[in-house]
Structure formats: C-alpha cells, structure tokens
Amino acid sequence: LFRSPQRFAGDPPPLHLVRMRGELVLVEDSTGLLVGPTDRRLAKAGIYISRLRGESYYKTACKRGDFAPGATVRLVPEPDNEHDPKAVRVTEDADRAPTAAYINKGAARRFGRLVSSGDPLRVISLKGTTSGAACDSITVLAGHPDLVAHLLAPRPRGLPRPQQR
C-alpha cells in the first residue's frame, strides 16, 4: 500500500492506528492510505501483526476475555505443544488465563522469538470483541511498548483522512 520503501523511514514510523468498521487499522500519516497487515515493511519498523487461529476451539475463553480493539493481550510460547513446538497461544491479559486462540502458523516462529527475546513487548488486539461477546476472529499487533503507544496516539491534525486505495 505504500509507494516507496522510504515511507517507513523515521523513528517512530509515520503510521497511526485508527478505528474503521469496528477494528483498528494502520494508516500512513502523509497519504491517509491504509497499510495492510502483510506489508513487509512493517517488520522492519518493528510492527508485527497476525490473524489468530482456533477461536472456534476455545469459545469459552475467547468469550470470557477482552479482545476488543486496543485491549492488551498476552502471548505464551508453547514449546511442548504436541502439534507444533513453535506454537504461540494468545490469552486475555490476566494471570493463568486460558488459551483463546493461537498465532497463525506462518507467524508463530517470529512471534515466539519476540516473546523469548526478553525485550519489552506490548501486544494489543486490532480486531476482536469485548468480554462476554462471542468472538470468531481476532487479530493482534505486537511491538515495543513505546512504538505501540505511538501507533495508538491520535493522528496529528491536518493529515489526509484515512482511505483505501
């Protein structure tokens, strides 16, 4: 969605999260264009996004937890998982919370390394539901706490309105 790789130059990157259709989406500041979750430049900026899998298997935990857009969630690597030793489960932000879903298999290795690195990490829901509501689809974003705080901050005035290309 960005026109050139230089768009991510800068610290923090010129991006913000905005609410659209009940979820949080990334918007490029100077153009207002939406940034897709698979844009390869996100990882270079320290932003990691994954759609979760398995919510239908964990309906009770998924419904119990707060996965509303902007809510903090937890990532828990499962090296002893019999199906995938790289599996990373997602829970609500509470001690001993049950599994609500899993990072998709394609992104699990990267998210596992993020959690295991010991570096500060904040994980939020981009798409999901509040506690008590059935959820069938969750998307999460992970990054350094300062970066996530920047992304969640209101966009500066005078920028182009968010728009799809």
# chains A, B, ... in the order shown; residues from 1 in each chain; ligands from 1

$ residues_around --residues "region 48-51 of chain A" --least-positions-apart "4" --cutoff "7 Å" --atoms "only C-alpha atoms" --output "list in words"
Pro37, Leu42, Ala43, Ile103, Asn104, Ala107, Ile138, Thr139, Val140, Leu141, Ala142 and Gly143 of chain A

$ residues_around --residues "Asp66 (chain A)" --least-positions-apart "4" --cutoff "10 Å" --atoms "only C-alpha atoms" --output "PDB file with C-alpha atoms, in the first residue's frame"
ATOM      1  CA  ALA A  61     -12.006 -18.426  26.838  1.00  0.00           C
ATOM      2  CA  CYS A  62     -12.474 -16.283  23.777  1.00  0.00           C
ATOM      3  CA  GLY A  70      -6.901  -1.742  21.669  1.00  0.00           C
ATOM      4  CA  ALA A  71      -7.087  -4.258  24.531  1.00  0.00           C
ATOM      5  CA  THR A  72      -3.780  -5.657  25.749  1.00  0.00           C
ATOM      6  CA  VAL A  73      -3.407  -9.426  25.317  1.00  0.00           C
ATOM      7  CA  THR A  91      -4.791 -15.201  26.159  1.00  0.00           C
ATOM      8  CA  GLU A  92      -6.544 -12.266  27.725  1.00  0.00           C
ATOM      9  CA  ASP A  93      -4.254 -10.054  29.814  1.00  0.00           C
ATOM     10  CA  ALA A  94      -4.659 -11.919  33.113  1.00  0.00           C
ATOM     11  CA  SER A 125      -5.922  -6.660  19.755  1.00  0.00           C
ATOM     12  CA  GLY A 128     -11.976  -8.842  18.352  1.00  0.00           C
ATOM     13  CA  THR A 129     -14.761  -8.448  20.882  1.00  0.00           C
ATOM     14  CA  THR A 130     -15.264  -7.300  24.452  1.00  0.00           C
ATOM     15  CA  SER A 131     -15.645  -9.702  27.346  1.00  0.00           C
ATOM     16  CA  GLY A 132     -18.981 -11.507  27.241  1.00  0.00           C
ATOM     17  CA  ALA A 133     -19.399 -11.335  23.476  1.00  0.00           C
ATOM     18  CA  CYS A 135     -15.713 -13.858  19.123  1.00  0.00           C
TER      19      CYS A 135
END

$ residues_around --residues "Val148 (chain A)" --least-positions-apart "4" --cutoff "10 Å" --atoms "only C-alpha atoms" --output "JSON list (two decimals) with C-alpha atoms, in the first residue's frame"
[["chain", "number", "residue", "atom", "x", "y", "z"],
["A", 12, "PRO", "CA", 8.71, 6.41, 15.18],
["A", 16, "HIS", "CA", -1.13, 5.51, 13.35],
["A", 17, "LEU", "CA", -3.96, 3.16, 14.26],
["A", 46, "GLY", "CA", 9.21, -3.36, 14.50],
["A", 47, "ILE", "CA", 5.48, -3.89, 13.93],
["A", 70, "GLY", "CA", -6.90, -1.74, 21.67],
["A", 121, "LEU", "CA", 6.85, -6.10, 24.12],
["A", 122, "ARG", "CA", 3.27, -4.89, 24.08],
["A", 123, "VAL", "CA", 0.59, -6.89, 22.31],
["A", 124, "ILE", "CA", -2.83, -5.46, 21.54],
["A", 141, "LEU", "CA", -0.34, -6.38, 16.80],
["A", 142, "ALA", "CA", 2.96, -6.62, 18.71],
["A", 143, "GLY", "CA", 5.79, -4.14, 19.09],
["A", 144, "HIS", "CA", 7.91, -2.25, 21.57],
["A", 152, "LEU", "CA", -2.40, 4.28, 19.37],
["A", 153, "ALA", "CA", -1.94, 8.03, 19.85]]
